[in-house]
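> For reference, this is query06.txt, and it has compact mmCIF, C-alpha atoms.
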```txt
# COMPACT_ATOMS: atom_id res chain seq x y z
CA MET A 81 -24.17 2.53 13.15
CA ASN A 82 -24.65 4.55 9.99
CA LYS A 83 -21.85 3.83 7.55
CA ILE A 84 -19.78 6.62 6.02
CA PRO A 85 -20.51 6.97 2.28
CA VAL A 86 -17.36 6.77 0.16
CA GLY A 87 -16.50 7.23 -3.49
CA ILE A 88 -13.97 5.53 -5.74
CA LEU A 89 -12.04 7.40 -8.41
CA GLY A 90 -10.77 4.98 -11.04
CA ALA A 91 -13.41 2.44 -10.07
CA THR A 92 -13.18 0.24 -13.17
CA GLY A 93 -9.45 -0.59 -12.89
CA ILE A 94 -7.90 -3.49 -11.01
CA VAL A 95 -7.27 -1.49 -7.85
CA GLY A 96 -10.71 0.11 -8.09
CA GLN A 97 -12.22 -3.37 -8.28
CA ARG A 98 -10.28 -4.39 -5.16
CA PHE A 99 -11.68 -1.35 -3.35
CA ILE A 100 -15.20 -2.49 -4.21
CA GLN A 101 -14.46 -6.05 -3.11
CA LEU A 102 -12.92 -5.00 0.22
CA LEU A 103 -15.67 -2.48 0.98
CA GLU A 104 -18.59 -4.84 0.32
CA HIS A 105 -18.97 -5.89 3.96
CA HIS A 106 -16.95 -3.16 5.66
CA PRO A 107 -18.36 -2.16 9.06
CA TRP A 108 -17.60 1.57 8.70
CA PHE A 109 -17.70 2.51 5.00
CA GLU A 110 -20.15 1.98 2.14
CA VAL A 111 -19.64 2.59 -1.58
CA ALA A 112 -21.97 5.41 -2.65
CA TRP A 113 -20.29 6.86 -5.76
CA LEU A 114 -18.15 5.54 -8.59
CA ALA A 115 -16.19 7.48 -11.17
CA ALA A 116 -13.95 6.48 -14.04
CA SER A 117 -12.94 7.69 -17.51
CA ASP A 118 -15.25 9.47 -19.92
CA ARG A 119 -16.01 6.26 -21.81
CA SER A 120 -17.54 4.74 -18.65
CA GLU A 121 -19.53 7.78 -17.60
CA GLY A 122 -23.29 7.19 -17.39
CA ARG A 123 -23.08 3.43 -17.77
CA GLU A 124 -23.98 0.86 -15.14
CA TYR A 125 -20.86 -0.33 -13.37
CA ALA A 126 -21.26 -3.98 -14.42
CA ASP A 127 -21.37 -2.85 -18.03
CA ALA A 128 -18.48 -0.39 -17.74
CA ALA A 129 -15.99 -2.57 -15.83
CA ARG A 130 -14.22 -5.67 -17.08
CA TRP A 131 -14.43 -7.42 -13.72
CA LYS A 132 -11.34 -9.58 -13.10
CA LEU A 133 -11.69 -10.75 -9.49
CA ARG A 134 -12.75 -14.23 -8.39
CA THR A 135 -15.65 -12.93 -6.31
CA PRO A 136 -18.66 -11.48 -8.19
CA ILE A 137 -19.44 -7.79 -8.41
CA PRO A 138 -21.59 -6.87 -5.39
CA ALA A 139 -25.17 -6.68 -6.63
CA ARG A 140 -25.75 -3.17 -5.29
CA VAL A 141 -22.63 -1.84 -6.98
CA ALA A 142 -23.28 -3.64 -10.27
CA THR A 143 -26.28 -1.42 -11.04
CA MET A 144 -24.74 1.87 -9.89
CA LYS A 145 -24.19 4.46 -12.60
CA VAL A 146 -20.61 5.64 -13.18
CA SER A 147 -20.37 9.36 -12.49
CA PRO A 148 -18.11 12.00 -14.04
CA ALA A 149 -14.72 12.27 -12.33
CA THR A 150 -15.48 15.68 -10.81
CA PRO A 151 -16.04 16.73 -7.19
CA ASP A 152 -19.69 17.63 -7.83
CA GLY A 153 -21.91 15.05 -6.18
CA ALA A 154 -19.03 13.02 -4.74
CA PRO A 155 -19.12 12.04 -1.04
CA LYS A 156 -16.68 13.63 1.37
CA VAL A 157 -14.43 10.55 1.51
CA VAL A 158 -12.93 9.47 -1.80
CA PHE A 159 -10.57 6.59 -2.53
CA ALA A 160 -8.39 7.16 -5.59
CA ALA A 161 -6.88 4.53 -7.88
CA LEU A 162 -5.67 6.66 -10.75
CA ASP A 163 -2.71 6.79 -13.09
CA ALA A 164 -0.15 9.27 -11.80
CA ALA A 165 -0.66 11.87 -14.54
CA ILE A 166 -4.43 11.93 -14.01
CA ALA A 167 -4.06 11.86 -10.22
CA ALA A 168 -1.77 14.90 -10.29
CA GLU A 169 -4.64 16.87 -11.80
CA LEU A 170 -7.70 15.37 -10.10
CA GLU A 171 -6.60 14.73 -6.52
CA PRO A 172 -5.78 18.39 -5.70
CA ARG A 173 -9.08 19.39 -7.32
CA PHE A 174 -11.04 17.09 -5.02
CA ALA A 175 -9.05 18.15 -1.94
CA GLU A 176 -9.61 21.81 -2.77
CA ALA A 177 -13.35 21.11 -2.97
CA GLY A 178 -13.27 19.79 0.61
CA HIS A 179 -12.92 16.05 0.04
CA ALA A 180 -10.73 13.65 2.00
CA VAL A 181 -8.72 11.96 -0.74
CA ILE A 182 -7.16 8.65 0.29
CA THR A 183 -5.05 7.62 -2.64
CA ASN A 184 -3.05 4.74 -3.97
CA SER A 185 -1.59 6.93 -6.72
CA SER A 186 2.05 8.01 -6.83
CA ALA A 187 1.56 11.61 -7.94
CA LEU A 188 1.73 13.27 -4.49
CA ARG A 189 3.55 10.67 -2.38
CA MET A 190 6.79 12.60 -2.08
CA ALA A 191 5.20 16.06 -1.66
CA PRO A 192 6.61 17.48 1.60
CA ASN A 193 3.21 18.12 3.22
CA VAL A 194 1.46 14.93 2.05
CA PRO A 195 1.56 11.98 4.47
CA LEU A 196 2.86 8.69 3.04
CA VAL A 197 1.49 6.30 5.64
CA ILE A 198 1.52 2.70 6.80
CA PRO A 199 -0.57 2.77 10.00
CA GLU A 200 1.55 0.17 11.81
CA VAL A 201 4.75 2.06 10.95
CA ASN A 202 4.26 5.83 10.92
CA PRO A 203 0.72 6.81 11.98
CA ASP A 204 2.02 10.11 13.38
CA HIS A 205 2.76 11.30 9.82
CA ILE A 206 -0.95 11.95 9.25
CA LYS A 207 -0.40 15.20 11.17
CA LEU A 208 1.03 16.61 7.92
CA ILE A 209 -2.59 16.97 6.79
CA GLU A 210 -2.80 20.15 8.85
CA CYS A 211 0.02 21.68 6.75
CA GLN A 212 -1.86 21.31 3.47
CA PRO A 213 -3.38 24.48 1.96
CA TRP A 214 -6.54 22.54 1.01
CA ARG A 215 -7.09 21.68 4.67
CA ARG A 216 -6.93 25.32 5.72
CA LYS A 217 -9.13 26.48 2.83
CA SER A 218 -11.89 23.86 2.58
CA GLY A 219 -11.15 21.09 5.08
CA GLY A 220 -10.04 18.75 2.30
CA PHE A 221 -6.78 16.84 2.29
CA VAL A 222 -4.76 14.07 0.63
CA VAL A 223 -3.22 11.01 2.30
CA THR A 224 -1.24 8.45 0.31
CA ASN A 225 -0.10 4.88 0.65
CA SER A 226 3.15 3.67 -0.82
CA ASN A 227 4.26 1.92 -3.95
CA CYS A 228 3.38 -1.78 -3.81
CA SER A 229 7.03 -2.89 -3.75
CA ALA A 230 7.92 -0.51 -0.92
CA MET A 231 4.94 -1.56 1.22
CA GLY A 232 6.03 -5.09 2.13
CA LEU A 233 9.65 -4.03 2.46
CA VAL A 234 8.88 -1.23 4.92
CA LEU A 235 6.77 -3.52 7.09
CA ALA A 236 9.70 -5.95 7.25
CA LEU A 237 12.27 -3.21 7.88
CA ALA A 238 10.33 -1.12 10.41
CA PRO A 239 10.79 -3.33 13.50
CA LEU A 240 14.48 -3.81 12.65
CA HIS A 241 15.13 -0.12 12.06
CA LYS A 242 13.37 0.77 15.30
CA GLN A 243 15.32 -1.69 17.44
CA PHE A 244 18.69 -1.99 15.74
CA ALA A 245 18.99 0.95 13.27
CA ILE A 246 19.59 0.15 9.60
CA GLU A 247 22.62 1.47 7.73
CA THR A 248 22.18 -0.06 4.27
CA VAL A 249 19.44 -1.84 2.32
CA MET A 250 19.85 -3.77 -0.93
CA ALA A 251 16.61 -4.98 -2.56
CA VAL A 252 15.91 -7.10 -5.63
CA THR A 253 12.23 -7.53 -6.49
CA MET A 254 10.28 -10.11 -8.49
CA GLN A 255 7.00 -8.31 -9.06
CA ALA A 256 3.66 -9.78 -10.10
CA VAL A 257 1.95 -8.84 -13.35
CA SER A 258 -1.13 -7.51 -11.51
CA GLY A 259 1.07 -4.62 -10.41
CA ALA A 260 0.94 -3.36 -13.99
CA GLY A 261 -2.86 -3.14 -13.97
CA TYR A 262 -5.10 -4.42 -16.75
CA PRO A 263 -4.35 -5.31 -19.53
CA GLY A 264 -0.86 -4.79 -18.13
CA VAL A 265 2.08 -6.66 -19.64
CA ALA A 266 1.43 -8.49 -22.92
CA SER A 267 1.47 -12.29 -22.50
CA MET A 268 4.12 -12.71 -25.22
CA ASP A 269 6.40 -10.40 -23.26
CA ILE A 270 6.06 -12.00 -19.81
CA LEU A 271 5.38 -15.74 -20.24
CA GLY A 272 8.61 -17.67 -19.79
CA ASN A 273 10.39 -14.39 -19.23
CA VAL A 274 11.70 -11.88 -16.68
CA ILE A 275 11.56 -8.18 -17.54
CA PRO A 276 14.32 -6.31 -15.66
CA TYR A 277 12.72 -2.89 -15.92
CA ILE A 278 9.58 -1.31 -14.45
CA PRO A 279 9.38 2.44 -15.19
CA ASN A 280 10.22 4.62 -12.15
CA GLU A 281 9.83 1.65 -9.79
CA GLU A 282 13.34 1.63 -8.38
CA GLN A 283 13.30 5.36 -7.65
CA LYS A 284 9.88 5.11 -5.97
CA MET A 285 11.02 2.19 -3.84
CA GLU A 286 14.19 3.93 -2.68
CA GLU A 287 12.58 7.31 -1.94
CA GLU A 288 9.32 6.12 -0.41
CA THR A 289 10.98 3.59 1.90
CA ARG A 290 13.14 6.31 3.42
CA LYS A 291 10.17 8.70 3.77
CA MET A 292 8.00 6.18 5.59
CA LEU A 293 10.83 5.22 7.93
CA GLY A 294 11.80 8.86 8.41
CA SER A 295 10.84 11.17 11.25
CA LEU A 296 8.21 13.89 11.33
CA ASN A 297 9.72 17.36 11.52
CA GLY A 298 7.15 20.14 11.63
CA SER A 299 5.70 20.53 8.14
CA GLY A 300 7.73 17.74 6.56
CA VAL A 301 9.55 14.45 7.01
CA VAL A 302 13.28 13.94 7.49
CA LEU A 303 14.15 10.91 5.39
CA ALA A 304 15.63 7.90 7.17
CA PRO A 305 19.43 8.22 6.96
CA PHE A 306 20.27 4.75 5.64
CA LYS A 307 21.48 4.06 2.10
CA MET A 308 19.31 2.00 -0.21
CA SER A 309 19.55 0.43 -3.64
CA ALA A 310 16.68 -1.33 -5.43
CA GLN A 311 16.54 -3.45 -8.59
CA CYS A 312 13.03 -4.22 -9.83
CA ASN A 313 11.88 -7.01 -12.14
CA ARG A 314 8.52 -8.10 -13.55
CA VAL A 315 7.87 -11.86 -13.43
CA ALA A 316 5.06 -14.20 -14.54
CA VAL A 317 3.24 -14.35 -11.19
CA GLU A 318 -0.38 -13.20 -10.90
CA ASP A 319 -0.35 -11.63 -7.40
CA GLY A 320 2.42 -11.15 -4.84
CA HIS A 321 5.68 -9.23 -4.95
CA THR A 322 8.68 -11.27 -3.76
CA GLU A 323 11.82 -9.40 -2.67
CA SER A 324 15.33 -10.57 -1.85
CA ILE A 325 16.71 -8.21 0.79
CA SER A 326 20.16 -7.66 2.29
CA ILE A 327 20.71 -5.25 5.17
CA LYS A 328 23.49 -3.83 7.30
CA LEU A 329 22.66 -2.85 10.89
CA LYS A 330 24.41 -0.38 13.16
CA LYS A 331 24.99 -3.00 15.83
CA SER A 332 25.60 -6.72 16.04
CA VAL A 333 22.47 -8.81 16.64
CA LYS A 334 21.62 -12.48 16.76
CA PRO A 335 19.19 -14.04 14.26
CA GLU A 336 16.72 -14.90 17.00
CA GLU A 337 16.59 -11.22 17.95
CA ILE A 338 15.60 -10.30 14.40
CA VAL A 339 12.93 -12.99 14.21
CA HIS A 340 11.59 -11.92 17.61
CA ALA A 341 11.35 -8.31 16.39
CA TRP A 342 9.25 -9.41 13.42
CA LYS A 343 6.99 -11.67 15.45
CA GLU A 344 6.32 -9.06 18.14
CA PHE A 345 5.74 -6.14 15.77
CA ARG A 346 2.18 -4.79 15.98
CA GLY A 347 2.07 -0.98 15.76
CA LEU A 348 0.02 1.17 18.11
CA GLU A 349 -2.93 -0.38 19.94
CA GLN A 350 -5.57 1.66 18.08
CA VAL A 351 -4.05 0.58 14.76
CA ALA A 352 -4.06 -3.10 15.74
CA ASN A 353 -7.82 -2.85 16.37
CA LEU A 354 -8.74 -1.37 12.99
CA PRO A 355 -11.09 -3.59 10.94
CA SER A 356 -8.62 -4.17 8.09
CA ALA A 357 -5.51 -4.55 10.24
CA PRO A 358 -4.05 -8.06 10.27
CA LYS A 359 -3.52 -9.68 13.64
CA GLN A 360 0.14 -10.10 12.72
CA PRO A 361 1.51 -7.48 10.28
CA VAL A 362 4.74 -9.43 9.74
CA GLN A 363 4.82 -13.22 9.79
CA TYR A 364 8.07 -15.20 9.81
CA LEU A 365 8.11 -18.69 8.26
CA GLU A 366 10.77 -21.18 9.33
CA GLN A 367 10.62 -23.38 6.19
CA GLN A 368 13.66 -23.02 3.94
CA ASP A 369 11.60 -22.61 0.75
CA ARG A 370 9.09 -20.01 1.98
CA PRO A 371 7.52 -17.54 1.45
CA GLN A 372 6.03 -18.35 -1.94
CA PRO A 373 3.30 -16.34 -3.72
CA ARG A 374 1.18 -19.41 -4.44
CA LEU A 375 1.15 -20.49 -0.79
CA ASP A 376 1.50 -17.31 1.25
CA VAL A 377 0.22 -14.25 -0.63
CA ASP A 378 -3.21 -14.31 1.06
CA SER A 379 -1.88 -14.40 4.64
CA GLY A 380 -3.88 -12.14 6.90
CA ASN A 381 -6.50 -11.68 4.15
CA GLY A 382 -3.73 -10.32 1.96
CA MET A 383 -2.65 -7.73 4.56
CA THR A 384 0.19 -9.63 6.25
CA THR A 385 3.76 -9.37 4.97
CA THR A 386 5.50 -12.74 5.06
CA VAL A 387 9.23 -13.04 5.70
CA GLY A 388 11.53 -16.05 5.52
CA ARG A 389 15.02 -17.39 4.81
CA LEU A 390 16.87 -15.20 7.32
CA ARG A 391 20.59 -15.97 7.04
CA PRO A 392 23.97 -14.23 7.19
CA CYS A 393 24.97 -12.08 4.21
CA GLY A 394 28.54 -12.26 2.95
CA VAL A 395 28.53 -8.59 1.91
CA LEU A 396 26.28 -6.88 4.45
CA ASP A 397 24.99 -8.43 7.70
CA TRP A 398 21.76 -10.32 6.99
CA LYS A 399 19.63 -11.38 4.05
CA PHE A 400 16.03 -12.59 3.86
CA THR A 401 13.00 -12.90 1.58
CA VAL A 402 9.85 -10.75 1.77
CA LEU A 403 6.45 -11.39 0.18
CA SER A 404 3.39 -9.13 0.16
CA HIS A 405 0.13 -8.96 -1.77
CA ASN A 406 0.69 -6.08 -4.14
CA VAL A 407 -2.97 -5.27 -4.89
CA ILE A 408 -4.36 -5.71 -1.36
CA ARG A 409 -1.63 -4.71 1.13
CA GLY A 410 0.23 -2.81 -1.57
CA ALA A 411 -2.76 -0.89 -2.91
CA ALA A 412 -6.49 -0.98 -2.05
CA GLY A 413 -6.14 -2.61 1.37
CA ALA A 414 -3.46 -0.12 2.38
CA ALA A 415 -5.63 2.84 1.46
CA LEU A 416 -8.58 1.33 3.31
CA LEU A 417 -6.45 0.87 6.42
CA ASN A 418 -5.36 4.50 6.13
CA ALA A 419 -9.01 5.55 5.97
CA GLU A 420 -9.73 3.58 9.13
CA LEU A 421 -6.84 5.31 10.88
CA LEU A 422 -8.15 8.70 9.73
CA LYS A 423 -11.59 7.88 11.11
CA VAL A 424 -10.40 6.89 14.59
CA GLU A 425 -8.17 9.98 14.67
CA GLY A 426 -11.16 12.22 13.92
CA PHE A 427 -10.30 13.34 10.39
CA LEU A 428 -13.42 11.92 8.70
CA THR A 429 -16.12 13.56 10.83
```
Let's see the structure in the file written out as C-alpha cells.


Amino acid sequence: MNKIPVGILGATGIVGQRFIQLLEHHPWFEVAWLAASDRSEGREYADAARWKLRTPIPARVATMKVSPATPDGAPKVVFAALDAAIAAELEPRFAEAGHAVITNSSALRMAPNVPLVIPEVNPDHIKLIECQPWRRKSGGFVVTNSNCSAMGLVLALAPLHKQFAIETVMAVTMQAVSGAGYPGVASMDILGNVIPYIPNEEQKMEEETRKMLGSLNGSGVVLAPFKMSAQCNRVAVEDGHTESISIKLKKSVKPEEIVHAWKEFRGLEQVANLPSAPKQPVQYLEQQDRPQPRLDVDSGNGMTTTVGRLRPCGVLDWKFTVLSHNVIRGAAGAALLNAELLKVEGFLT
C-alpha cells in the first residue's frame, strides 16, 4: 500500500534520530520532511545532525534537506521532538494549520483537551481530539505521549489499578543520561556520581501518571484518585530508566495474582496488532537481580516494560522494580505507536 508521508520536527536531536531509525522500514509511514533549528535549515540531514545511534543514517534520509520549522510544505502527519518552550509555540501553530501533531514534548501534556496516551492503557482518551479548537477549525490536532519516567511506571501500574485499585504509589527513579538529550549531562558531573535532581521531572511523573490512569469525562480527564510521590535521580547509564516502586492496594491480593495481571496484560485487540506494539507490554522476570538496563532494556525491541523483584513492602503493601527504554518506549516509539492507533481509528485519513 502507499505509505503515509510524515514529517519530524526536531529531527536532529536524539529523539528525532530515533524517529528516523524506527520509521526506516515502517509498513505504514515514510519520512518525507525534516525540520530543525535555524542553523540546520537548508543543509543535508547527514551534515546537519550529529548522528549518535548504532545503526547508520538511512541513505534516503541522509541526503534530505532540512526544512524550516513552519507548517508550509510539511506533510499532514508530523512527529514532534522539541524542547517544551519551543513546542508550546510550534505545536499549536502546526495543529491550527491542519496538521496531526503527534508529540513527545511536555508542553501540552496536561492541557485538559489534549490526550496523553499509551495505547495499551487508555486508547479511549484520543476522543479528546474532537474537543480541540484546531480540530473544529482546520482538522488539525495534537496527541501526546508521556514523560519517559512515567511511561514504564504506568504500564506496570495499569493492570494492577484495573484489577485491584491502587491507593498509593511511591517511586524512586534511576534515570539514564540519554533522557537529557545530547550533549546532555557533562561527563564530569555524572561519571561516578548520582544527581538527585532532574528539573520538573517529579511533578511530571506524578501528574502524568494520574492523568493516564484517569477516566475520560466529556471534554477532559478525571485524574486517578490515588496518591503518588516521586523522587527522580540521574545515573551513569546510557539507556533505560530503572524505578523502585512501592504501592498500596485497596484490597488484599496474593503475589501470584499480581504477576498474573502483568503477564496477561495486553490492551485492546486492535492495539495488540499495531506494527510497533510489543507482543507482551509488561514482562515479569523471576530472577532476583533483574531487570537490569544492560540485559533487559531492549526487550520487545525497546517497547516492553520489564518488571521484577516483587516482594512485600514494610510500609505499603508491595514493592517491585520497573525498567523501560526511555528513548524508544519512553519517547519516539511511544509516539509512533500513538500514530498507529490514530491511523486505525481513522484520524489520519

> Which residue gives the smallest distance to Cys228 of chain A among A:Val351, A:Val95, A:Val339, A:Ala245, with only C-alpha atoms counted?

A:Val95

> Report the distance between atom CA of Val257 of chain A and atom CA of Leu233 of chain A in Å, rounded to one decimal place.

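Result for atom CA of Val257 of chain A versus atom CA of Leu233 of chain A: 18.2 Å, one decimal.
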
> With all atoms listed in the file as the counted atoms, please give the residues lying no more than 8 Å from Pro373 of chain A, apart from itself and same-chain residues fewer than 6 positions off, as a list of chain:residue names.

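After dropping sequence-adjacent residues, the list is A:Val317, A:Asp319, A:Gly320, A:His321, A:Thr322, A:Leu403.
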
> How far is it from atom CA of Phe345 of chain A to atom CA of Pro195 of chain A, in Å with one decimal?

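A separation of 21.8 Å between them.
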
> Smallest atom-to-atom distance to Gly87 of chain A: which of A:Ser379, A:Ser226, A:Thr183, A:Asn202, using all atoms listed in the file?

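The closest residue to Gly87 of chain A is A:Thr183.
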
> Can you pull out the residues contacting Arg130 of chain A? Cut-off 12 Å, using only C-alpha atoms, and skip same-chain residues under 3 positions away; I want them as a ChimeraX atom specification.

/A:91-94,96-97,120,124-127,133,136-137,142,262-263

> Counting only C-alpha atoms, which of A:Val407, A:Ile166, A:Ala175, A:Met144 gets nearest to Asn227 of chain A?

A:Val407

> Looking at A:Arg123, A:Lys132, A:Arg140, A:Arg409, which one is nearest to Glu104 of chain A, with distances taken over all atoms listed in the file?

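Of all the options, A:Arg140 lies closest to Glu104 of chain A.
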
> At most 7 Å is the cut-off: for each residue in segment 255-357 of chain A with any atom that close to an atom of segment 414-429 of chain A, write down the nearest atom pair and the distance in Å rounded to one decimal, counting all atoms listed in the file, chain first then increasing number, as a Markdown table.


```
| residue | atom | partner | partner_atom | distance |
| --- | --- | --- | --- | --- |
| A:Val351 | CA | A:Leu421 | CA | 6.7 |
| A:Leu354 | CA | A:Glu420 | CA | 6.4 |
| A:Ser356 | CA | A:Leu417 | CA | 5.7 |
| A:Ala357 | CA | A:Leu417 | CA | 6.7 |
```

> Quick one, how far is atom CA of Asn313 of chain A from atom CA of Glu247 of chain A?

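Rounded to one decimal, the two atoms are 24.1 Å apart.
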
> Between A:Gln311, A:Asn193, A:Thr135, A:Thr289, which is the closest to Met254 of chain A once you count all atoms listed in the file?

A:Gln311

> List the spatial neighbours of Glu210 of chain A as a VMD selection string - criterion: any atom at most 9 Å away, all atoms listed in the file, same-chain residues fewer than 5 positions off excluded.

chain A and resid 193 215 to 216 221 299

> For Asp163 of chain A, find every residue with an atom within 9 Å (counting all atoms listed in the file), except residues of its own chain fewer than 2 positions away, and show them as a PyMOL selection string.

chain A and resi 90+161+165-168+185-187

> Taking (-2.9, -11.8, 2.3) in the file's coordinates, which residues come within 9 Å, counting all atoms listed in the file, written as a PyMOL selection string?

chain A and resi 320+358+376-386+404-405+408-409

> Give me the residues near Gly272 of chain A as a PDB file with C-alpha atoms, in the frame of the given file, where near means some atom within 10 Å (using all atoms listed in the file) and where sequence neighbours in that chain fewer than 3 positions away do not count.


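Saved the output as out.pdb:
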```pdb
ATOM      1  CA  SER A 267       1.470 -12.290 -22.500  1.00  0.00           C
ATOM      2  CA  MET A 268       4.120 -12.710 -25.220  1.00  0.00           C
ATOM      3  CA  ASP A 269       6.400 -10.400 -23.260  1.00  0.00           C
ATOM      4  CA  VAL A 315       7.870 -11.860 -13.430  1.00  0.00           C
ATOM      5  CA  ALA A 316       5.060 -14.200 -14.540  1.00  0.00           C
TER       6      ALA A 316
END
```

> Counting all atoms listed in the file, which of A:Gly300, A:Gly413, A:Gly232, A:Pro305 gets nearest to Met190 of chain A?

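Between A:Gly300, A:Gly413, A:Gly232, A:Pro305, the residue approaching Met190 of chain A most closely is A:Gly300.
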